[in-house]
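So this one's structure_17.txt, compact mmCIF, N, CA and C atoms:
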# COMPACT_ATOMS: atom_id res chain seq x y z
N MET A 984 145.76 16.33 98.51
CA MET A 984 144.66 15.41 98.67
C MET A 984 143.59 16.05 99.56
N PRO A 985 142.33 16.05 99.08
CA PRO A 985 141.27 16.68 99.88
C PRO A 985 140.93 15.87 101.13
N LYS A 986 140.43 16.60 102.15
CA LYS A 986 140.03 15.93 103.39
C LYS A 986 138.78 15.09 103.13
N PRO A 987 138.67 13.96 103.79
CA PRO A 987 137.44 13.17 103.63
C PRO A 987 136.26 13.88 104.31
N TYR A 988 135.09 13.77 103.72
CA TYR A 988 133.88 14.41 104.26
C TYR A 988 133.02 13.35 104.91
N PHE A 989 132.73 13.52 106.17
CA PHE A 989 131.92 12.55 106.91
C PHE A 989 130.52 13.08 107.19
N GLY A 990 130.11 14.11 106.49
CA GLY A 990 128.77 14.69 106.72
C GLY A 990 128.81 15.78 107.78
N LYS A 991 127.69 16.42 107.94
CA LYS A 991 127.59 17.51 108.91
C LYS A 991 127.73 16.97 110.34
N GLN A 992 128.60 17.60 111.09
CA GLN A 992 128.82 17.18 112.47
C GLN A 992 127.71 17.75 113.36
N PRO A 993 127.21 16.97 114.29
CA PRO A 993 126.16 17.47 115.18
C PRO A 993 126.72 18.55 116.11
N LEU A 994 125.90 19.54 116.35
CA LEU A 994 126.30 20.63 117.25
C LEU A 994 125.92 20.29 118.68
N PRO A 995 126.73 20.74 119.62
CA PRO A 995 126.35 20.50 121.02
C PRO A 995 125.12 21.34 121.37
N GLU A 996 124.32 20.86 122.30
CA GLU A 996 123.13 21.60 122.71
C GLU A 996 123.55 22.84 123.50
N TYR A 997 122.91 23.97 123.18
CA TYR A 997 123.22 25.24 123.86
C TYR A 997 122.04 25.64 124.71
N LYS A 998 122.31 25.93 125.97
CA LYS A 998 121.28 26.43 126.87
C LYS A 998 121.76 27.78 127.41
N PRO A 999 121.09 28.87 126.98
CA PRO A 999 121.51 30.20 127.44
C PRO A 999 121.33 30.36 128.94
N SER A 1000 122.25 31.09 129.53
CA SER A 1000 122.18 31.35 130.97
C SER A 1000 121.06 32.35 131.25
N GLU A 1001 120.73 32.48 132.51
CA GLU A 1001 119.69 33.44 132.90
C GLU A 1001 120.11 34.86 132.54
N ALA A 1002 121.40 35.17 132.66
CA ALA A 1002 121.88 36.51 132.31
C ALA A 1002 121.65 36.80 130.83
N VAL A 1003 121.91 35.81 129.97
CA VAL A 1003 121.69 35.97 128.53
C VAL A 1003 120.20 36.11 128.25
N ARG A 1004 119.39 35.26 128.87
CA ARG A 1004 117.93 35.33 128.67
C ARG A 1004 117.40 36.71 129.07
N LYS A 1005 117.86 37.21 130.22
CA LYS A 1005 117.40 38.52 130.71
C LYS A 1005 117.84 39.63 129.75
N ALA A 1006 119.09 39.58 129.32
CA ALA A 1006 119.61 40.61 128.42
C ALA A 1006 118.86 40.62 127.08
N LEU A 1007 118.60 39.43 126.53
CA LEU A 1007 117.87 39.35 125.27
C LEU A 1007 116.43 39.83 125.42
N LYS A 1008 115.80 39.52 126.54
CA LYS A 1008 114.43 39.97 126.79
C LYS A 1008 114.39 41.50 126.88
N GLU A 1009 115.33 42.08 127.62
CA GLU A 1009 115.40 43.54 127.75
C GLU A 1009 115.64 44.19 126.39
N TRP A 1010 116.48 43.58 125.58
CA TRP A 1010 116.76 44.12 124.25
C TRP A 1010 115.51 44.09 123.39
N GLU A 1011 114.78 42.97 123.40
CA GLU A 1011 113.54 42.87 122.63
C GLU A 1011 112.51 43.91 123.08
N GLU A 1012 112.42 44.15 124.39
CA GLU A 1012 111.50 45.16 124.91
C GLU A 1012 111.93 46.56 124.45
N ALA A 1013 113.23 46.81 124.44
CA ALA A 1013 113.73 48.10 123.98
C ALA A 1013 113.44 48.31 122.50
N LEU A 1014 113.55 47.24 121.70
CA LEU A 1014 113.24 47.34 120.28
C LEU A 1014 111.76 47.66 120.06
N ALA A 1015 110.89 47.03 120.84
CA ALA A 1015 109.46 47.29 120.73
C ALA A 1015 109.16 48.74 121.11
N LYS A 1016 109.80 49.23 122.15
CA LYS A 1016 109.61 50.62 122.59
C LYS A 1016 110.12 51.58 121.51
N GLU A 1017 111.27 51.26 120.91
CA GLU A 1017 111.83 52.11 119.85
C GLU A 1017 110.88 52.20 118.68
N GLU A 1018 110.28 51.08 118.31
CA GLU A 1018 109.34 51.06 117.19
C GLU A 1018 108.13 51.95 117.49
N GLU A 1019 107.65 51.86 118.72
CA GLU A 1019 106.51 52.67 119.15
C GLU A 1019 106.83 54.17 119.09
N THR A 1020 107.98 54.54 119.64
CA THR A 1020 108.35 55.96 119.68
C THR A 1020 108.70 56.49 118.30
N ARG A 1021 109.26 55.64 117.43
CA ARG A 1021 109.56 56.07 116.06
C ARG A 1021 108.27 56.43 115.32
N HIS A 1022 107.25 55.60 115.48
CA HIS A 1022 105.97 55.90 114.82
C HIS A 1022 105.34 57.17 115.39
N ALA A 1023 105.49 57.39 116.69
CA ALA A 1023 104.97 58.61 117.30
C ALA A 1023 105.68 59.85 116.73
N ALA A 1024 106.99 59.76 116.55
CA ALA A 1024 107.75 60.88 115.99
C ALA A 1024 107.36 61.14 114.54
N ARG A 1025 107.18 60.08 113.76
CA ARG A 1025 106.76 60.23 112.36
C ARG A 1025 105.39 60.90 112.28
N LYS A 1026 104.48 60.48 113.16
CA LYS A 1026 103.13 61.06 113.16
C LYS A 1026 103.18 62.54 113.55
N ALA A 1027 103.99 62.88 114.54
CA ALA A 1027 104.12 64.27 114.98
C ALA A 1027 104.64 65.16 113.84
N LEU A 1028 105.63 64.67 113.11
CA LEU A 1028 106.15 65.44 111.96
C LEU A 1028 105.09 65.59 110.87
N ALA A 1029 104.33 64.53 110.64
CA ALA A 1029 103.27 64.60 109.63
C ALA A 1029 102.21 65.63 110.03
N GLU A 1030 101.89 65.67 111.31
CA GLU A 1030 100.90 66.65 111.78
C GLU A 1030 101.40 68.08 111.58
N GLU A 1031 102.68 68.31 111.82
CA GLU A 1031 103.24 69.66 111.58
C GLU A 1031 103.21 70.01 110.10
N LEU A 1032 103.51 69.04 109.25
CA LEU A 1032 103.47 69.29 107.81
C LEU A 1032 102.04 69.54 107.34
N LYS A 1033 101.07 68.88 107.95
CA LYS A 1033 99.66 69.13 107.61
C LYS A 1033 99.23 70.52 108.04
N ALA A 1034 99.71 70.94 109.20
CA ALA A 1034 99.31 72.23 109.77
C ALA A 1034 99.84 73.41 108.95
N ASP A 1035 101.02 73.29 108.38
CA ASP A 1035 101.62 74.38 107.60
C ASP A 1035 101.89 73.87 106.18
N THR A 1036 100.95 74.14 105.28
CA THR A 1036 101.09 73.62 103.92
C THR A 1036 102.17 74.33 103.11
N ASP A 1037 102.68 75.45 103.60
CA ASP A 1037 103.77 76.14 102.91
C ASP A 1037 105.15 75.66 103.36
N LEU A 1038 105.19 74.83 104.37
CA LEU A 1038 106.46 74.33 104.90
C LEU A 1038 106.97 73.21 104.00
N PRO A 1039 108.12 73.41 103.34
CA PRO A 1039 108.64 72.36 102.45
C PRO A 1039 109.27 71.21 103.23
N TYR A 1040 109.22 70.04 102.63
CA TYR A 1040 109.84 68.86 103.24
C TYR A 1040 111.34 69.09 103.44
N ALA A 1041 111.96 69.79 102.50
CA ALA A 1041 113.41 70.04 102.57
C ALA A 1041 113.77 70.84 103.81
N ALA A 1042 112.91 71.80 104.18
CA ALA A 1042 113.20 72.61 105.36
C ALA A 1042 113.14 71.77 106.63
N VAL A 1043 112.19 70.86 106.69
CA VAL A 1043 112.07 69.98 107.85
C VAL A 1043 113.26 69.03 107.90
N ALA A 1044 113.60 68.45 106.76
CA ALA A 1044 114.71 67.50 106.69
C ALA A 1044 116.05 68.15 107.03
N ALA A 1045 116.18 69.45 106.74
CA ALA A 1045 117.44 70.15 106.99
C ALA A 1045 117.68 70.43 108.47
N HIS A 1046 116.63 70.36 109.27
CA HIS A 1046 116.80 70.64 110.70
C HIS A 1046 117.64 69.54 111.34
N PRO A 1047 118.62 69.92 112.18
CA PRO A 1047 119.51 68.90 112.76
C PRO A 1047 118.81 67.90 113.69
N LEU A 1048 117.67 68.24 114.22
CA LEU A 1048 116.95 67.34 115.11
C LEU A 1048 116.22 66.22 114.35
N VAL A 1049 115.88 66.49 113.10
CA VAL A 1049 115.10 65.53 112.30
C VAL A 1049 116.05 64.48 111.70
N PRO A 1050 115.82 63.19 112.03
CA PRO A 1050 116.75 62.16 111.56
C PRO A 1050 116.48 61.62 110.16
N TRP A 1051 115.43 62.11 109.50
CA TRP A 1051 115.05 61.54 108.20
C TRP A 1051 115.37 62.49 107.06
N THR A 1052 115.59 61.92 105.90
CA THR A 1052 115.87 62.70 104.70
C THR A 1052 114.56 63.24 104.12
N GLU A 1053 114.70 64.12 103.16
CA GLU A 1053 113.53 64.68 102.48
C GLU A 1053 112.71 63.56 101.83
N ALA A 1054 113.38 62.62 101.22
CA ALA A 1054 112.68 61.50 100.57
C ALA A 1054 111.87 60.69 101.58
N THR A 1055 112.46 60.43 102.73
CA THR A 1055 111.74 59.68 103.76
C THR A 1055 110.56 60.49 104.28
N LEU A 1056 110.74 61.80 104.42
CA LEU A 1056 109.63 62.65 104.87
C LEU A 1056 108.49 62.64 103.86
N ARG A 1057 108.82 62.55 102.59
CA ARG A 1057 107.77 62.46 101.56
C ARG A 1057 106.99 61.14 101.72
N ILE A 1058 107.70 60.07 102.03
CA ILE A 1058 107.04 58.78 102.27
C ILE A 1058 106.14 58.88 103.50
N ILE A 1059 106.64 59.51 104.56
CA ILE A 1059 105.84 59.72 105.77
C ILE A 1059 104.61 60.56 105.43
N GLY A 1060 104.80 61.60 104.61
CA GLY A 1060 103.69 62.44 104.19
C GLY A 1060 102.63 61.66 103.44
N THR A 1061 103.05 60.77 102.58
CA THR A 1061 102.10 59.93 101.85
C THR A 1061 101.36 59.00 102.81
N GLU A 1062 102.10 58.44 103.75
CA GLU A 1062 101.54 57.51 104.73
C GLU A 1062 100.46 58.19 105.58
N TYR A 1063 100.70 59.44 105.96
CA TYR A 1063 99.77 60.16 106.84
C TYR A 1063 98.89 61.16 106.08
N LYS A 1064 98.85 61.04 104.76
CA LYS A 1064 97.99 61.85 103.90
C LYS A 1064 98.20 63.36 104.09
N VAL A 1065 99.48 63.76 104.05
CA VAL A 1065 99.85 65.17 104.11
C VAL A 1065 99.58 65.77 102.73
N PRO A 1066 98.92 66.94 102.65
CA PRO A 1066 98.67 67.56 101.34
C PRO A 1066 99.98 67.84 100.62
N PRO A 1067 99.97 67.74 99.30
CA PRO A 1067 101.20 67.99 98.54
C PRO A 1067 101.66 69.44 98.69
N ARG A 1068 102.96 69.63 98.57
CA ARG A 1068 103.55 70.98 98.65
C ARG A 1068 103.50 71.60 97.26
N GLN A 1069 103.47 72.92 97.23
CA GLN A 1069 103.53 73.65 95.96
C GLN A 1069 104.99 73.92 95.64
N PRO A 1070 105.55 73.33 94.59
CA PRO A 1070 106.96 73.56 94.29
C PRO A 1070 107.22 75.00 93.88
N ASN A 1071 108.32 75.54 94.33
CA ASN A 1071 108.78 76.90 93.99
C ASN A 1071 107.77 77.98 94.37
N LYS A 1072 106.91 77.71 95.31
CA LYS A 1072 105.95 78.70 95.75
C LYS A 1072 106.60 79.54 96.86
N ALA A 1073 106.74 80.82 96.59
CA ALA A 1073 107.32 81.70 97.58
C ALA A 1073 106.27 81.97 98.66
N LYS A 1074 106.67 81.88 99.92
CA LYS A 1074 105.74 82.13 101.00
C LYS A 1074 105.41 83.62 100.99
N LYS A 1075 104.13 83.92 100.99
CA LYS A 1075 103.69 85.32 100.94
C LYS A 1075 103.95 86.01 102.27
N ALA A 1076 104.63 87.12 102.21
CA ALA A 1076 104.88 87.91 103.41
C ALA A 1076 103.74 88.90 103.58
N ASP A 1077 103.14 88.91 104.75
CA ASP A 1077 102.02 89.82 105.01
C ASP A 1077 102.49 91.13 105.56

Go ahead and render the structure in this file as structure tokens.
Amino acid sequence: MPKPYFGKQPLPEYKPSEAVRKALKEWEEALAKEEETRHAARKALAEELKADTDLPYAAVAAHPLVPWTEATLRIIGTEYKVPPRQPNKAKKAD
């Protein structure tokens, strides 16, 4: 026999403590800072790609310091108007 349903039960009122409020505020500030620094890193990579038109996206993505894939770097390149790369173009040795 199924339980009788009396409708949605009201929830007790929750008031976060000052410690919770402080922790959540600090977390939100850290997220805002992360967003700011992520955009700065993306812009810096785009500037390097603009400066060296022979540098392939794959080479940048392969570096262990770079957290983005080649596909993401292509999106960043489009966003910052990086000139397209020449596929299979061997870099000329002088």

d(atom N of Arg1004 of chain A, atom N of Glu1017 of chain A) in Å: 19.6 Å

Expected answer as a count of residues only: helix (DSSP H, G or I) residues in chain A: 50

Residue with smallest distance to Gly1060 of chain A - pool A:Glu1019, A:Leu1028, A:Tyr988, A:Pro995, counting only N, CA and C atoms: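 Among the listed residues, A:Leu1028 lies closest to Gly1060 of chain A.
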
A:Tyr1040, A:Glu1009, A:Arg1025, A:Lys1016 ranked by distance to Ala1054 of chain A, top pick (using all atoms listed in the file): A:Tyr1040

Please complete segment 1006-1017 of chain A so it has all heavy atoms, and hand it over as a PDB file, in the coordinates of the input.
ATOM      1  N   ALA A1006     119.090  39.580 129.320  1.00  0.00           N
ATOM      2  CA  ALA A1006     119.610  40.610 128.420  1.00  0.00           C
ATOM      3  C   ALA A1006     118.860  40.620 127.080  1.00  0.00           C
ATOM      4  O   ALA A1006     118.515  41.675 126.562  1.00  0.00           O
ATOM      5  CB  ALA A1006     121.111  40.409 128.188  1.00  0.00           C
ATOM      6  N   LEU A1007     118.600  39.430 126.530  1.00  0.00           N
ATOM      7  CA  LEU A1007     117.870  39.350 125.270  1.00  0.00           C
ATOM      8  C   LEU A1007     116.430  39.830 125.420  1.00  0.00           C
ATOM      9  O   LEU A1007     115.897  40.508 124.536  1.00  0.00           O
ATOM     10  CB  LEU A1007     117.901  37.919 124.722  1.00  0.00           C
ATOM     11  CG  LEU A1007     119.253  37.454 124.188  1.00  0.00           C
ATOM     12  CD1 LEU A1007     119.197  35.987 123.822  1.00  0.00           C
ATOM     13  CD2 LEU A1007     119.688  38.297 123.013  1.00  0.00           C
ATOM     14  N   LYS A1008     115.800  39.520 126.540  1.00  0.00           N
ATOM     15  CA  LYS A1008     114.430  39.970 126.790  1.00  0.00           C
ATOM     16  C   LYS A1008     114.390  41.500 126.880  1.00  0.00           C
ATOM     17  O   LYS A1008     113.507  42.144 126.302  1.00  0.00           O
ATOM     18  CB  LYS A1008     113.887  39.338 128.072  1.00  0.00           C
ATOM     19  CG  LYS A1008     112.439  39.665 128.338  1.00  0.00           C
ATOM     20  CD  LYS A1008     111.914  38.942 129.558  1.00  0.00           C
ATOM     21  CE  LYS A1008     110.432  39.183 129.652  1.00  0.00           C
ATOM     22  NZ  LYS A1008     109.971  39.762 130.842  1.00  0.00           N
ATOM     23  N   GLU A1009     115.330  42.080 127.620  1.00  0.00           N
ATOM     24  CA  GLU A1009     115.400  43.540 127.750  1.00  0.00           C
ATOM     25  C   GLU A1009     115.640  44.190 126.390  1.00  0.00           C
ATOM     26  O   GLU A1009     115.063  45.239 126.086  1.00  0.00           O
ATOM     27  CB  GLU A1009     116.492  43.940 128.738  1.00  0.00           C
ATOM     28  CG  GLU A1009     116.139  43.639 130.167  1.00  0.00           C
ATOM     29  CD  GLU A1009     117.283  43.911 131.124  1.00  0.00           C
ATOM     30  OE1 GLU A1009     118.385  44.333 130.675  1.00  0.00           O
ATOM     31  OE2 GLU A1009     117.087  43.696 132.337  1.00  0.00           O
ATOM     32  N   TRP A1010     116.480  43.580 125.580  1.00  0.00           N
ATOM     33  CA  TRP A1010     116.760  44.120 124.250  1.00  0.00           C
ATOM     34  C   TRP A1010     115.510  44.090 123.390  1.00  0.00           C
ATOM     35  O   TRP A1010     115.194  45.051 122.698  1.00  0.00           O
ATOM     36  CB  TRP A1010     117.899  43.317 123.617  1.00  0.00           C
ATOM     37  CG  TRP A1010     118.256  43.744 122.240  1.00  0.00           C
ATOM     38  CD1 TRP A1010     118.638  44.992 121.834  1.00  0.00           C
ATOM     39  CD2 TRP A1010     118.253  42.932 121.068  1.00  0.00           C
ATOM     40  NE1 TRP A1010     118.883  44.997 120.482  1.00  0.00           N
ATOM     41  CE2 TRP A1010     118.655  43.742 119.993  1.00  0.00           C
ATOM     42  CE3 TRP A1010     117.960  41.605 120.838  1.00  0.00           C
ATOM     43  CZ2 TRP A1010     118.756  43.255 118.704  1.00  0.00           C
ATOM     44  CZ3 TRP A1010     118.082  41.126 119.549  1.00  0.00           C
ATOM     45  CH2 TRP A1010     118.473  41.953 118.497  1.00  0.00           C
ATOM     46  N   GLU A1011     114.780  42.970 123.400  1.00  0.00           N
ATOM     47  CA  GLU A1011     113.540  42.870 122.630  1.00  0.00           C
ATOM     48  C   GLU A1011     112.510  43.910 123.080  1.00  0.00           C
ATOM     49  O   GLU A1011     111.815  44.498 122.260  1.00  0.00           O
ATOM     50  CB  GLU A1011     112.965  41.460 122.723  1.00  0.00           C
ATOM     51  CG  GLU A1011     113.769  40.444 121.937  1.00  0.00           C
ATOM     52  CD  GLU A1011     113.322  39.011 122.167  1.00  0.00           C
ATOM     53  OE1 GLU A1011     112.422  38.774 123.002  1.00  0.00           O
ATOM     54  OE2 GLU A1011     113.878  38.126 121.505  1.00  0.00           O
ATOM     55  N   GLU A1012     112.420  44.150 124.390  1.00  0.00           N
ATOM     56  CA  GLU A1012     111.500  45.160 124.910  1.00  0.00           C
ATOM     57  C   GLU A1012     111.930  46.560 124.450  1.00  0.00           C
ATOM     58  O   GLU A1012     111.086  47.385 124.100  1.00  0.00           O
ATOM     59  CB  GLU A1012     111.442  45.089 126.437  1.00  0.00           C
ATOM     60  CG  GLU A1012     110.728  43.860 126.944  1.00  0.00           C
ATOM     61  CD  GLU A1012     110.891  43.645 128.443  1.00  0.00           C
ATOM     62  OE1 GLU A1012     111.629  44.413 129.106  1.00  0.00           O
ATOM     63  OE2 GLU A1012     110.276  42.679 128.951  1.00  0.00           O
ATOM     64  N   ALA A1013     113.230  46.810 124.440  1.00  0.00           N
ATOM     65  CA  ALA A1013     113.730  48.100 123.980  1.00  0.00           C
ATOM     66  C   ALA A1013     113.440  48.310 122.500  1.00  0.00           C
ATOM     67  O   ALA A1013     113.090  49.412 122.068  1.00  0.00           O
ATOM     68  CB  ALA A1013     115.234  48.226 124.247  1.00  0.00           C
ATOM     69  N   LEU A1014     113.550  47.240 121.700  1.00  0.00           N
ATOM     70  CA  LEU A1014     113.240  47.340 120.280  1.00  0.00           C
ATOM     71  C   LEU A1014     111.760  47.660 120.060  1.00  0.00           C
ATOM     72  O   LEU A1014     111.408  48.474 119.207  1.00  0.00           O
ATOM     73  CB  LEU A1014     113.593  46.040 119.550  1.00  0.00           C
ATOM     74  CG  LEU A1014     115.072  45.763 119.330  1.00  0.00           C
ATOM     75  CD1 LEU A1014     115.254  44.389 118.687  1.00  0.00           C
ATOM     76  CD2 LEU A1014     115.696  46.828 118.475  1.00  0.00           C
ATOM     77  N   ALA A1015     110.890  47.030 120.840  1.00  0.00           N
ATOM     78  CA  ALA A1015     109.460  47.290 120.730  1.00  0.00           C
ATOM     79  C   ALA A1015     109.160  48.740 121.110  1.00  0.00           C
ATOM     80  O   ALA A1015     108.372  49.424 120.436  1.00  0.00           O
ATOM     81  CB  ALA A1015     108.669  46.330 121.609  1.00  0.00           C
ATOM     82  N   LYS A1016     109.800  49.230 122.150  1.00  0.00           N
ATOM     83  CA  LYS A1016     109.610  50.620 122.590  1.00  0.00           C
ATOM     84  C   LYS A1016     110.120  51.580 121.510  1.00  0.00           C
ATOM     85  O   LYS A1016     109.501  52.607 121.223  1.00  0.00           O
ATOM     86  CB  LYS A1016     110.348  50.839 123.912  1.00  0.00           C
ATOM     87  CG  LYS A1016     110.338  52.235 124.427  1.00  0.00           C
ATOM     88  CD  LYS A1016     109.076  52.537 125.158  1.00  0.00           C
ATOM     89  CE  LYS A1016     109.212  53.888 125.833  1.00  0.00           C
ATOM     90  NZ  LYS A1016     107.963  54.507 126.090  1.00  0.00           N
ATOM     91  N   GLU A1017     111.270  51.260 120.910  1.00  0.00           N
ATOM     92  CA  GLU A1017     111.830  52.110 119.850  1.00  0.00           C
ATOM     93  C   GLU A1017     110.880  52.200 118.680  1.00  0.00           C
ATOM     94  O   GLU A1017     110.667  53.266 118.117  1.00  0.00           O
ATOM     95  CB  GLU A1017     113.184  51.546 119.407  1.00  0.00           C
ATOM     96  CG  GLU A1017     113.927  52.431 118.425  1.00  0.00           C
ATOM     97  CD  GLU A1017     113.561  52.196 116.971  1.00  0.00           C
ATOM     98  OE1 GLU A1017     113.076  51.114 116.641  1.00  0.00           O
ATOM     99  OE2 GLU A1017     113.749  53.124 116.163  1.00  0.00           O
TER     100      GLU A1017
END
